[in-house]
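Coordinates from coords35.pdb are shown below (PDB, C-alpha atoms and all ligand atoms).
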MODEL        1
ATOM      1  CA  MET J   1      -3.267 -32.206  11.590
ATOM      2  CA  GLN J   2      -5.688 -29.374  10.920
ATOM      3  CA  SER J   3      -4.586 -26.682   8.486
ATOM      4  CA  PHE J   4      -4.158 -23.994  11.155
ATOM      5  CA  GLU J   5      -1.838 -26.240  13.151
ATOM      6  CA  ARG J   6       0.599 -26.218  10.255
ATOM      7  CA  LEU J   7       0.970 -22.452  10.758
ATOM      8  CA  LEU J   8       1.972 -22.925  14.392
ATOM      9  CA  LEU J   9       4.482 -25.589  13.461
ATOM     10  CA  GLU J  10       5.934 -23.428  10.701
ATOM     11  CA  ASN J  11       6.184 -20.575  13.181
ATOM     12  CA  LYS J  12       8.299 -22.660  15.552
ATOM     13  CA  ALA J  13      10.590 -23.697  12.729
ATOM     14  CA  TRP J  14      10.925 -20.108  11.516
ATOM     15  CA  ALA J  15      11.711 -18.683  14.979
ATOM     16  CA  HIS J  16      14.299 -21.408  15.489
ATOM     17  CA  GLU J  17      15.959 -20.665  12.166
ATOM     18  CA  VAL J  18      16.087 -16.921  12.840
ATOM     19  CA  MET J  19      17.646 -17.546  16.273
ATOM     20  CA  LEU J  20      20.322 -19.748  14.754
ATOM     21  CA  ASP J  21      21.151 -17.095  12.219
ATOM     22  CA  ASP J  22      21.011 -14.082  14.532
ATOM     23  CA  PRO J  23      20.674 -14.915  18.263
ATOM     24  CA  ASP J  24      19.824 -11.299  19.217
ATOM     25  CA  PHE J  25      17.229 -10.736  16.498
ATOM     26  CA  PHE J  26      14.112 -11.004  18.653
ATOM     27  CA  LYS J  27      15.678  -9.277  21.661
ATOM     28  CA  ARG J  28      16.575  -6.327  19.484
ATOM     29  CA  LEU J  29      13.160  -6.088  17.828
ATOM     30  CA  ALA J  30      11.289  -6.498  21.084
ATOM     31  CA  LYS J  31      12.795  -3.223  22.332
ATOM     32  CA  THR J  32      11.738  -0.940  19.502
ATOM     33  CA  GLN J  33      10.829  -0.571  15.853
ATOM     34  CA  THR J  34      12.361   1.927  13.455
ATOM     35  CA  PRO J  35      10.840   1.151  10.069
ATOM     36  CA  GLU J  36      11.774   3.420   7.189
ATOM     37  CA  PHE J  37       8.680   2.563   5.165
ATOM     38  CA  LEU J  38       4.915   2.649   5.538
ATOM     39  CA  TRP J  39       3.319   0.132   3.202
ATOM     40  CA  ILE J  40      -0.330   0.506   2.219
ATOM     41  CA  GLY J  41      -1.298  -2.560   0.252
ATOM     42  CA  CYS J  42      -4.209  -4.740  -0.784
ATOM     43  CA  SER J  43      -5.436  -7.476   1.578
ATOM     44  CA  ASP J  44      -5.040  -9.971  -1.280
ATOM     45  CA  SER J  45      -3.183 -13.043   0.007
ATOM     46  CA  ARG J  46      -0.972 -13.077  -3.073
ATOM     47  CA  VAL J  47       0.676  -9.744  -2.276
ATOM     48  CA  PRO J  48       2.591 -10.243   0.999
ATOM     49  CA  ALA J  49       4.423  -6.981   1.653
ATOM     50  CA  ASN J  50       7.545  -8.343   3.373
ATOM     51  CA  LYS J  51       8.021 -11.279   1.078
ATOM     52  CA  ILE J  52       7.849  -9.413  -2.236
ATOM     53  CA  THR J  53      10.193  -6.670  -1.006
ATOM     54  CA  GLY J  54      12.665  -8.981   0.707
ATOM     55  CA  THR J  55      12.233  -7.115   3.977
ATOM     56  CA  ASN J  56      12.409  -8.466   7.507
ATOM     57  CA  PRO J  57      10.262  -7.871  10.581
ATOM     58  CA  GLY J  58      10.918  -4.304  11.735
ATOM     59  CA  GLU J  59      11.404  -2.824   8.267
ATOM     60  CA  LEU J  60       7.866  -2.146   7.054
ATOM     61  CA  PHE J  61       4.979  -0.582   8.947
ATOM     62  CA  VAL J  62       1.980  -2.107   7.214
ATOM     63  CA  HIS J  63      -1.653  -1.291   6.561
ATOM     64  CA  ARG J  64      -3.707  -3.422   4.211
ATOM     65  CA  ASN J  65      -7.287  -3.190   3.063
ATOM     66  CA  ILE J  66      -9.334  -4.243   0.062
ATOM     67  CA  ALA J  67      -7.831  -2.564  -3.016
ATOM     68  CA  ASN J  68      -5.329  -0.486  -0.986
ATOM     69  CA  LEU J  69      -7.552   2.561  -0.607
ATOM     70  CA  VAL J  70      -6.867   5.803   1.224
ATOM     71  CA  VAL J  71     -10.273   7.098   2.255
ATOM     72  CA  GLU J  72     -10.403  10.484   3.941
ATOM     73  CA  ASN J  73     -12.666   9.402   6.805
ATOM     74  CA  ASP J  74     -11.115   5.975   7.427
ATOM     75  CA  LEU J  75      -9.977   6.360  11.014
ATOM     76  CA  ASN J  76      -8.079   3.092  10.889
ATOM     77  CA  LEU J  77      -5.891   4.164   7.983
ATOM     78  CA  LEU J  78      -5.528   7.736   9.227
ATOM     79  CA  SER J  79      -4.294   6.474  12.592
ATOM     80  CA  VAL J  80      -1.763   4.170  10.968
ATOM     81  CA  LEU J  81      -0.593   6.992   8.709
ATOM     82  CA  ASP J  82      -0.271   9.479  11.531
ATOM     83  CA  TYR J  83       1.584   7.087  13.806
ATOM     84  CA  ALA J  84       3.956   6.094  11.012
ATOM     85  CA  VAL J  85       4.713   9.648   9.934
ATOM     86  CA  THR J  86       4.552  11.610  13.178
ATOM     87  CA  HIS J  87       5.999   9.096  15.615
ATOM     88  CA  LEU J  88       7.965   6.527  13.637
ATOM     89  CA  LYS J  89       9.103   9.181  11.145
ATOM     90  CA  VAL J  90       8.996   6.909   8.126
ATOM     91  CA  LYS J  91      10.831   8.328   5.116
ATOM     92  CA  HIS J  92       8.728   6.714   2.418
ATOM     93  CA  ILE J  93       5.089   5.771   2.062
ATOM     94  CA  ILE J  94       4.366   3.154  -0.554
ATOM     95  CA  VAL J  95       0.859   2.580  -1.852
ATOM     96  CA  CYS J  96       0.992  -0.731  -3.629
ATOM     97  CA  GLY J  97      -1.794  -1.940  -5.883
ATOM     98  CA  HIS J  98      -1.704  -5.072  -7.996
ATOM     99  CA  TYR J  99      -2.851  -5.996 -11.472
ATOM    100  CA  GLY J 100      -5.949  -8.176 -11.552
ATOM    101  CA  CYS J 101      -7.147  -6.772  -8.203
ATOM    102  CA  GLY J 102     -10.493  -8.338  -7.262
ATOM    103  CA  GLY J 103     -11.658  -5.170  -5.502
ATOM    104  CA  ILE J 104     -11.031  -3.094  -8.610
ATOM    105  CA  LYS J 105     -12.767  -5.675 -10.813
ATOM    106  CA  ALA J 106     -15.770  -5.748  -8.508
ATOM    107  CA  ALA J 107     -16.041  -1.954  -8.566
ATOM    108  CA  MET J 108     -16.148  -1.958 -12.369
ATOM    109  CA  GLY J 109     -19.195  -4.221 -12.505
ATOM    110  CA  SER J 110     -22.759  -3.797 -11.378
ATOM    111  CA  GLU J 111     -23.006  -6.856  -9.136
ATOM    112  CA  SER J 112     -23.754  -6.217  -5.457
ATOM    113  CA  TYR J 113     -21.360  -7.454  -2.765
ATOM    114  CA  GLY J 114     -23.393  -6.402   0.260
ATOM    115  CA  ILE J 115     -21.521  -4.380   2.841
ATOM    116  CA  LEU J 116     -18.517  -4.164   0.533
ATOM    117  CA  ASP J 117     -20.450  -1.992  -1.951
ATOM    118  CA  GLN J 118     -19.952   1.016   0.278
ATOM    119  CA  TRP J 119     -16.172   0.550   0.201
ATOM    120  CA  LEU J 120     -16.128  -0.064  -3.551
ATOM    121  CA  LEU J 121     -17.872   3.287  -4.123
ATOM    122  CA  ASN J 122     -14.476   4.903  -3.596
ATOM    123  CA  ILE J 123     -13.097   3.010  -6.588
ATOM    124  CA  LYS J 124     -16.201   3.691  -8.667
ATOM    125  CA  LYS J 125     -15.504   7.424  -8.223
ATOM    126  CA  THR J 126     -11.994   7.016  -9.600
ATOM    127  CA  TYR J 127     -13.385   4.967 -12.487
ATOM    128  CA  ALA J 128     -15.929   7.690 -13.271
ATOM    129  CA  ALA J 129     -13.190  10.333 -13.296
ATOM    130  CA  HIS J 130     -11.036   8.340 -15.762
ATOM    131  CA  ARG J 131     -13.757   6.520 -17.702
ATOM    132  CA  ASP J 132     -12.780   7.717 -21.195
ATOM    133  CA  GLU J 133      -9.105   6.970 -20.690
ATOM    134  CA  ILE J 134      -9.861   3.502 -19.306
ATOM    135  CA  ASN J 135     -12.617   2.554 -21.737
ATOM    136  CA  ALA J 136     -10.284   3.268 -24.650
ATOM    137  CA  PHE J 137      -8.814  -0.147 -23.826
ATOM    138  CA  PRO J 138     -10.566  -3.418 -24.726
ATOM    139  CA  ASP J 139     -13.043  -4.665 -22.147
ATOM    140  CA  GLY J 140     -11.492  -7.092 -19.670
ATOM    141  CA  GLU J 141      -8.084  -7.391 -18.068
ATOM    142  CA  GLU J 142      -6.561  -4.311 -19.679
ATOM    143  CA  ARG J 143      -9.308  -2.037 -18.413
ATOM    144  CA  VAL J 144      -9.029  -3.481 -14.937
ATOM    145  CA  ASN J 145      -5.277  -2.910 -14.962
ATOM    146  CA  MET J 146      -5.643   0.671 -16.191
ATOM    147  CA  LEU J 147      -8.006   1.380 -13.306
ATOM    148  CA  VAL J 148      -5.551  -0.331 -10.936
ATOM    149  CA  GLU J 149      -2.919   2.221 -11.979
ATOM    150  CA  CYS J 150      -5.324   5.184 -11.892
ATOM    151  CA  SER J 151      -6.514   4.166  -8.447
ATOM    152  CA  VAL J 152      -2.976   3.899  -7.060
ATOM    153  CA  LYS J 153      -2.282   7.427  -8.327
ATOM    154  CA  GLN J 154      -5.485   8.650  -6.693
ATOM    155  CA  GLN J 155      -4.536   7.104  -3.338
ATOM    156  CA  VAL J 156      -1.108   8.769  -3.453
ATOM    157  CA  ILE J 157      -2.832  12.119  -4.034
ATOM    158  CA  ASN J 158      -5.283  11.388  -1.217
ATOM    159  CA  ILE J 159      -2.396  10.792   1.199
ATOM    160  CA  SER J 160      -0.653  13.987   0.147
ATOM    161  CA  LYS J 161      -3.783  15.955   1.117
ATOM    162  CA  THR J 162      -4.023  14.648   4.683
ATOM    163  CA  GLU J 163      -3.314  16.818   7.719
ATOM    164  CA  THR J 164      -0.603  14.373   8.742
ATOM    165  CA  ILE J 165       1.355  14.945   5.548
ATOM    166  CA  LYS J 166       0.760  18.702   5.560
ATOM    167  CA  ASN J 167       2.169  18.828   9.085
ATOM    168  CA  ALA J 168       5.148  16.665   8.215
ATOM    169  CA  TRP J 169       5.955  18.750   5.148
ATOM    170  CA  SER J 170       5.719  21.982   7.098
ATOM    171  CA  GLY J 171       8.725  20.793   9.103
ATOM    172  CA  GLY J 172      10.789  18.940   6.490
ATOM    173  CA  ASN J 173      10.888  17.196   3.148
ATOM    174  CA  LEU J 174       9.775  13.758   4.209
ATOM    175  CA  PRO J 175       8.025  11.474   3.666
ATOM    176  CA  GLN J 176       7.956  10.865  -0.057
ATOM    177  CA  ILE J 177       4.834   9.122  -1.318
ATOM    178  CA  HIS J 178       5.158   6.407  -3.928
ATOM    179  CA  GLY J 179       2.580   4.562  -6.018
ATOM    180  CA  TRP J 180       3.614   1.095  -7.169
ATOM    181  CA  VAL J 181       1.791  -1.772  -8.828
ATOM    182  CA  TYR J 182       2.662  -5.426  -8.355
ATOM    183  CA  ALA J 183       2.252  -7.960 -11.154
ATOM    184  CA  LEU J 184       0.963 -11.322  -9.971
ATOM    185  CA  ASN J 185       2.215 -13.067 -13.109
ATOM    186  CA  ASP J 186       5.911 -12.240 -12.744
ATOM    187  CA  GLY J 187       6.250 -11.043  -9.153
ATOM    188  CA  LEU J 188       7.638  -7.657 -10.158
ATOM    189  CA  LEU J 189       6.808  -4.199  -8.832
ATOM    190  CA  LYS J 190       6.352  -1.254 -11.185
ATOM    191  CA  LYS J 191       6.685   2.391 -10.184
ATOM    192  CA  VAL J 192       3.744   4.370 -11.522
ATOM    193  CA  TYR J 193       3.637   7.600  -9.544
ATOM    194  CA  ARG J 194       5.402   9.645  -6.904
ATOM    195  CA  VAL J 195       4.585  12.778  -4.938
ATOM    196  CA  ILE J 196       7.219  14.709  -3.032
ATOM    197  CA  LYS J 197       7.053  17.936  -1.087
ATOM    198  CA  PRO J 198       6.764  20.907  -3.477
ATOM    199  CA  ALA J 199       9.926  23.031  -3.652
ATOM    200  CA  THR J 200       7.918  26.174  -2.924
ATOM    201  CA  GLY J 201       6.834  24.775   0.396
ATOM    202  CA  GLU J 202       3.228  25.453  -0.539
ATOM    203  CA  MET J 203       0.887  22.953   0.935
ATOM    204  CA  LEU J 204      -0.872  22.304  -2.341
ATOM    205  CA  VAL J 205      -0.845  18.950  -4.050
ATOM    206  CA  PRO J 206       2.415  19.045  -5.982
ATOM    207  CA  PRO J 207       2.541  18.104  -9.624
ATOM    208  CA  PRO J 208       3.060  14.390  -9.970
ATOM    209  CA  ILE J 209       6.264  12.906 -11.234
ATOM    210  CA  ALA J 210       5.215  10.524 -13.967
ATOM    211  CA  ILE J 211       7.327   7.420 -14.113
ATOM    212  CA  HIS J 212       7.213   5.274 -17.205
ATOM    213  CA  GLY J 213       8.525   1.750 -17.396
TER
HETATM  214 ZN    ZN J 301      -6.429  -6.508  -4.591
ENDMDL
END
Would you write the structure of this file as structure tokens?
Amino acid sequence: MQSFERLLLENKAWAHEVMLDDPDFFKRLAKTQTPEFLWIGCSDSRVPANKITGTNPGELFVHRNIANLVVENDLNLLSVLDYAVTHLKVKHIIVCGHYGCGGIKAAMGSESYGILDQWLLNIKKTYAAHRDEINAFPDGEERVNMLVECSVKQQVINISKTETIKNAWSGGNLPQIHGWVYALNDGLLKKVYRVIKPATGEMLVPPPIAIHG
């Protein structure tokens, strides 16, 4: 059997198991989706959004790219964001980075990765803005992980500045925007940042709520 055929076999087994457990599951989901969360995560195969959050199909609206970036002219991400917020009315947006992220590591070095360099420029900008803070740590894993956290914060801020969020906040208090980081070595998520609609209703970037631990 070729490796891809295993996926098809596993799929059959999974669908069968779900049907046994909940015979209406697929019928229900086929009609509509009402996810409460938009998940923006890294494409890394070790950070599967549903699995690490114990969520089922229908619960997370998902966008993934290298190093979970929110880039202001990325039409793909902006479309996902707008659909999730304006039409699906998600209550929470979670930007989830992960320690040891290859995209972050690559952006910290000087090696060229071809077409990817353009994408990594976005991370290099965040690194430049926090260089002193990050370089206070020993070279290696700790620096990478500091930039992982800084970058997640930056992406949360980037989302809060989009037209989609400004529009949503002009009519209500949702969504909240969360920045989390996943640890590959213990499977746990850490909250690092959160932005909610400012109480004044001003459409400025609200002060962040720092979360420690
Ligand atoms: Zn990554």
Pick from J:Met1, J:Ile94, J:Val152, J:Ile115, whichever lies nearest to ligand ZN 301 (chain J) using all atoms listed in the file: J:Val152
Once you add 3 Å to each side, what are the centre and edge lengths of the axis-aligned box holding all listed atoms of region 92-96 of chain J? One decimal in Å, as JSON, if you can.
{"center_x": 4.8, "center_y": 3.0, "center_z": -0.6, "size_x": 13.9, "size_y": 13.4, "size_z": 12.0}
Would you kindly return, as a list in words, each protein, DNA or RNA residue with an atom no farther than 12 Å from any atom of Ile52 (chain J), considering all atoms listed in the file and excluding same-chain residues fewer than 5 positions away? Trp39, Gly41, Ser45, Arg46, Val47, Leu60, Cys96, His98, Val181, Tyr182, Ala183, Leu184, Asp186, Gly187, Leu188 and Leu189 of chain J
Running the PyMOL selection byres (((not hetatm)) within 8 of (chain J and resi 301)) on this model by hand, what would come out? Give it as a list in words.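 Written out, the selection comes to Cys42, Ser43, Asp44, Ile66, Ala67, Asn68, Gly97, His98, Tyr99, Gly100, Cys101, Gly102, Gly103 and Ile104 of chain J.
Note that the spacing between CA of Gln176 (chain J) and CA of Lys91 (chain J) amounts to 6.4 Å.
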Specify as a PDB file with C-alpha atoms, in the frame of the given file each residue included when the PyMOL selection byres (((chain J and resi 168) around 12) and not hetatm) is applied to this file.
ATOM      1  CA  LEU J  81      -0.593   6.992   8.709  1.00  0.00           C
ATOM      2  CA  ASP J  82      -0.271   9.479  11.531  1.00  0.00           C
ATOM      3  CA  TYR J  83       1.584   7.087  13.806  1.00  0.00           C
ATOM      4  CA  ALA J  84       3.956   6.094  11.012  1.00  0.00           C
ATOM      5  CA  VAL J  85       4.713   9.648   9.934  1.00  0.00           C
ATOM      6  CA  THR J  86       4.552  11.610  13.178  1.00  0.00           C
ATOM      7  CA  HIS J  87       5.999   9.096  15.615  1.00  0.00           C
ATOM      8  CA  LEU J  88       7.965   6.527  13.637  1.00  0.00           C
ATOM      9  CA  LYS J  89       9.103   9.181  11.145  1.00  0.00           C
ATOM     10  CA  VAL J  90       8.996   6.909   8.126  1.00  0.00           C
ATOM     11  CA  LYS J  91      10.831   8.328   5.116  1.00  0.00           C
ATOM     12  CA  ILE J 159      -2.396  10.792   1.199  1.00  0.00           C
ATOM     13  CA  SER J 160      -0.653  13.987   0.147  1.00  0.00           C
ATOM     14  CA  LYS J 161      -3.783  15.955   1.117  1.00  0.00           C
ATOM     15  CA  THR J 162      -4.023  14.648   4.683  1.00  0.00           C
ATOM     16  CA  GLU J 163      -3.314  16.818   7.719  1.00  0.00           C
ATOM     17  CA  THR J 164      -0.603  14.373   8.742  1.00  0.00           C
ATOM     18  CA  ILE J 165       1.355  14.945   5.548  1.00  0.00           C
ATOM     19  CA  LYS J 166       0.760  18.702   5.560  1.00  0.00           C
ATOM     20  CA  ASN J 167       2.169  18.828   9.085  1.00  0.00           C
ATOM     21  CA  TRP J 169       5.955  18.750   5.148  1.00  0.00           C
ATOM     22  CA  SER J 170       5.719  21.982   7.098  1.00  0.00           C
ATOM     23  CA  GLY J 171       8.725  20.793   9.103  1.00  0.00           C
ATOM     24  CA  GLY J 172      10.789  18.940   6.490  1.00  0.00           C
ATOM     25  CA  ASN J 173      10.888  17.196   3.148  1.00  0.00           C
ATOM     26  CA  LEU J 174       9.775  13.758   4.209  1.00  0.00           C
ATOM     27  CA  PRO J 175       8.025  11.474   3.666  1.00  0.00           C
ATOM     28  CA  GLN J 176       7.956  10.865  -0.057  1.00  0.00           C
ATOM     29  CA  ILE J 196       7.219  14.709  -3.032  1.00  0.00           C
ATOM     30  CA  LYS J 197       7.053  17.936  -1.087  1.00  0.00           C
ATOM     31  CA  GLY J 201       6.834  24.775   0.396  1.00  0.00           C
ATOM     32  CA  MET J 203       0.887  22.953   0.935  1.00  0.00           C
TER      33      MET J 203
END
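CA of Asp74 (chain J) is found 10.4 Å from CA of Trp119 (chain J).
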Which residue of J:Ile40, J:Glu141, J:Thr55, J:Ala30 approaches Asn76 (chain J) most closely, using all atoms listed in the file: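 Of J:Ile40, J:Glu141, J:Thr55, J:Ala30, the one nearest Asn76 (chain J) is J:Ile40, counting all atoms listed in the file.
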Generate the coordinates of N, CA and C atoms for region 148-172 of chain J; report them as a PDB file, keeping the file's coordinate frame.
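This went into selection.pdb:
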ATOM      1  N   VAL J 148      -6.470  -0.031 -12.045  1.00  0.00           N
ATOM      2  CA  VAL J 148      -5.551  -0.331 -10.936  1.00  0.00           C
ATOM      3  C   VAL J 148      -4.511   0.796 -10.847  1.00  0.00           C
ATOM      4  N   GLU J 149      -3.948   1.171 -11.986  1.00  0.00           N
ATOM      5  CA  GLU J 149      -2.919   2.221 -11.979  1.00  0.00           C
ATOM      6  C   GLU J 149      -3.526   3.586 -11.619  1.00  0.00           C
ATOM      7  N   CYS J 150      -4.671   3.898 -12.208  1.00  0.00           N
ATOM      8  CA  CYS J 150      -5.324   5.184 -11.892  1.00  0.00           C
ATOM      9  C   CYS J 150      -5.653   5.273 -10.405  1.00  0.00           C
ATOM     10  N   SER J 151      -6.121   4.162  -9.852  1.00  0.00           N
ATOM     11  CA  SER J 151      -6.514   4.166  -8.447  1.00  0.00           C
ATOM     12  C   SER J 151      -5.294   4.368  -7.546  1.00  0.00           C
ATOM     13  N   VAL J 152      -4.194   3.723  -7.874  1.00  0.00           N
ATOM     14  CA  VAL J 152      -2.976   3.899  -7.060  1.00  0.00           C
ATOM     15  C   VAL J 152      -2.571   5.379  -7.064  1.00  0.00           C
ATOM     16  N   LYS J 153      -2.621   5.996  -8.243  1.00  0.00           N
ATOM     17  CA  LYS J 153      -2.282   7.427  -8.327  1.00  0.00           C
ATOM     18  C   LYS J 153      -3.206   8.235  -7.423  1.00  0.00           C
ATOM     19  N   GLN J 154      -4.507   7.907  -7.491  1.00  0.00           N
ATOM     20  CA  GLN J 154      -5.485   8.650  -6.693  1.00  0.00           C
ATOM     21  C   GLN J 154      -5.198   8.505  -5.194  1.00  0.00           C
ATOM     22  N   GLN J 155      -4.795   7.318  -4.767  1.00  0.00           N
ATOM     23  CA  GLN J 155      -4.536   7.104  -3.338  1.00  0.00           C
ATOM     24  C   GLN J 155      -3.304   7.881  -2.882  1.00  0.00           C
ATOM     25  N   VAL J 156      -2.309   7.985  -3.778  1.00  0.00           N
ATOM     26  CA  VAL J 156      -1.108   8.769  -3.453  1.00  0.00           C
ATOM     27  C   VAL J 156      -1.508  10.240  -3.265  1.00  0.00           C
ATOM     28  N   ILE J 157      -2.360  10.735  -4.156  1.00  0.00           N
ATOM     29  CA  ILE J 157      -2.832  12.119  -4.034  1.00  0.00           C
ATOM     30  C   ILE J 157      -3.630  12.290  -2.737  1.00  0.00           C
ATOM     31  N   ASN J 158      -4.483  11.311  -2.449  1.00  0.00           N
ATOM     32  CA  ASN J 158      -5.283  11.388  -1.217  1.00  0.00           C
ATOM     33  C   ASN J 158      -4.388  11.498   0.019  1.00  0.00           C
ATOM     34  N   ILE J 159      -3.305  10.727   0.040  1.00  0.00           N
ATOM     35  CA  ILE J 159      -2.396  10.792   1.199  1.00  0.00           C
ATOM     36  C   ILE J 159      -1.772  12.174   1.289  1.00  0.00           C
ATOM     37  N   SER J 160      -1.365  12.704   0.133  1.00  0.00           N
ATOM     38  CA  SER J 160      -0.653  13.987   0.147  1.00  0.00           C
ATOM     39  C   SER J 160      -1.542  15.129   0.655  1.00  0.00           C
ATOM     40  N   LYS J 161      -2.861  14.911   0.656  1.00  0.00           N
ATOM     41  CA  LYS J 161      -3.783  15.955   1.117  1.00  0.00           C
ATOM     42  C   LYS J 161      -4.127  15.848   2.603  1.00  0.00           C
ATOM     43  N   THR J 162      -3.637  14.825   3.277  1.00  0.00           N
ATOM     44  CA  THR J 162      -4.023  14.648   4.683  1.00  0.00           C
ATOM     45  C   THR J 162      -3.308  15.658   5.592  1.00  0.00           C
ATOM     46  N   GLU J 163      -3.912  15.914   6.730  1.00  0.00           N
ATOM     47  CA  GLU J 163      -3.314  16.818   7.719  1.00  0.00           C
ATOM     48  C   GLU J 163      -1.952  16.298   8.158  1.00  0.00           C
ATOM     49  N   THR J 164      -1.859  14.985   8.304  1.00  0.00           N
ATOM     50  CA  THR J 164      -0.603  14.373   8.742  1.00  0.00           C
ATOM     51  C   THR J 164       0.537  14.742   7.803  1.00  0.00           C
ATOM     52  N   ILE J 165       0.290  14.644   6.521  1.00  0.00           N
ATOM     53  CA  ILE J 165       1.355  14.945   5.548  1.00  0.00           C
ATOM     54  C   ILE J 165       1.615  16.452   5.496  1.00  0.00           C
ATOM     55  N   LYS J 166       0.564  17.239   5.551  1.00  0.00           N
ATOM     56  CA  LYS J 166       0.760  18.702   5.560  1.00  0.00           C
ATOM     57  C   LYS J 166       1.642  19.103   6.737  1.00  0.00           C
ATOM     58  N   ASN J 167       1.362  18.524   7.898  1.00  0.00           N
ATOM     59  CA  ASN J 167       2.169  18.828   9.085  1.00  0.00           C
ATOM     60  C   ASN J 167       3.612  18.381   8.915  1.00  0.00           C
ATOM     61  N   ALA J 168       3.787  17.193   8.385  1.00  0.00           N
ATOM     62  CA  ALA J 168       5.148  16.665   8.215  1.00  0.00           C
ATOM     63  C   ALA J 168       5.928  17.546   7.238  1.00  0.00           C
ATOM     64  N   TRP J 169       5.282  17.947   6.166  1.00  0.00           N
ATOM     65  CA  TRP J 169       5.955  18.750   5.148  1.00  0.00           C
ATOM     66  C   TRP J 169       6.204  20.191   5.604  1.00  0.00           C
ATOM     67  N   SER J 170       5.457  20.619   6.609  1.00  0.00           N
ATOM     68  CA  SER J 170       5.719  21.982   7.098  1.00  0.00           C
ATOM     69  C   SER J 170       7.028  22.007   7.888  1.00  0.00           C
ATOM     70  N   GLY J 171       7.498  20.840   8.315  1.00  0.00           N
ATOM     71  CA  GLY J 171       8.725  20.793   9.103  1.00  0.00           C
ATOM     72  C   GLY J 171       9.891  20.108   8.404  1.00  0.00           C
ATOM     73  N   GLY J 172       9.701  19.654   7.182  1.00  0.00           N
ATOM     74  CA  GLY J 172      10.789  18.940   6.490  1.00  0.00           C
ATOM     75  C   GLY J 172      10.339  18.442   5.137  1.00  0.00           C
TER      76      GLY J 172
END
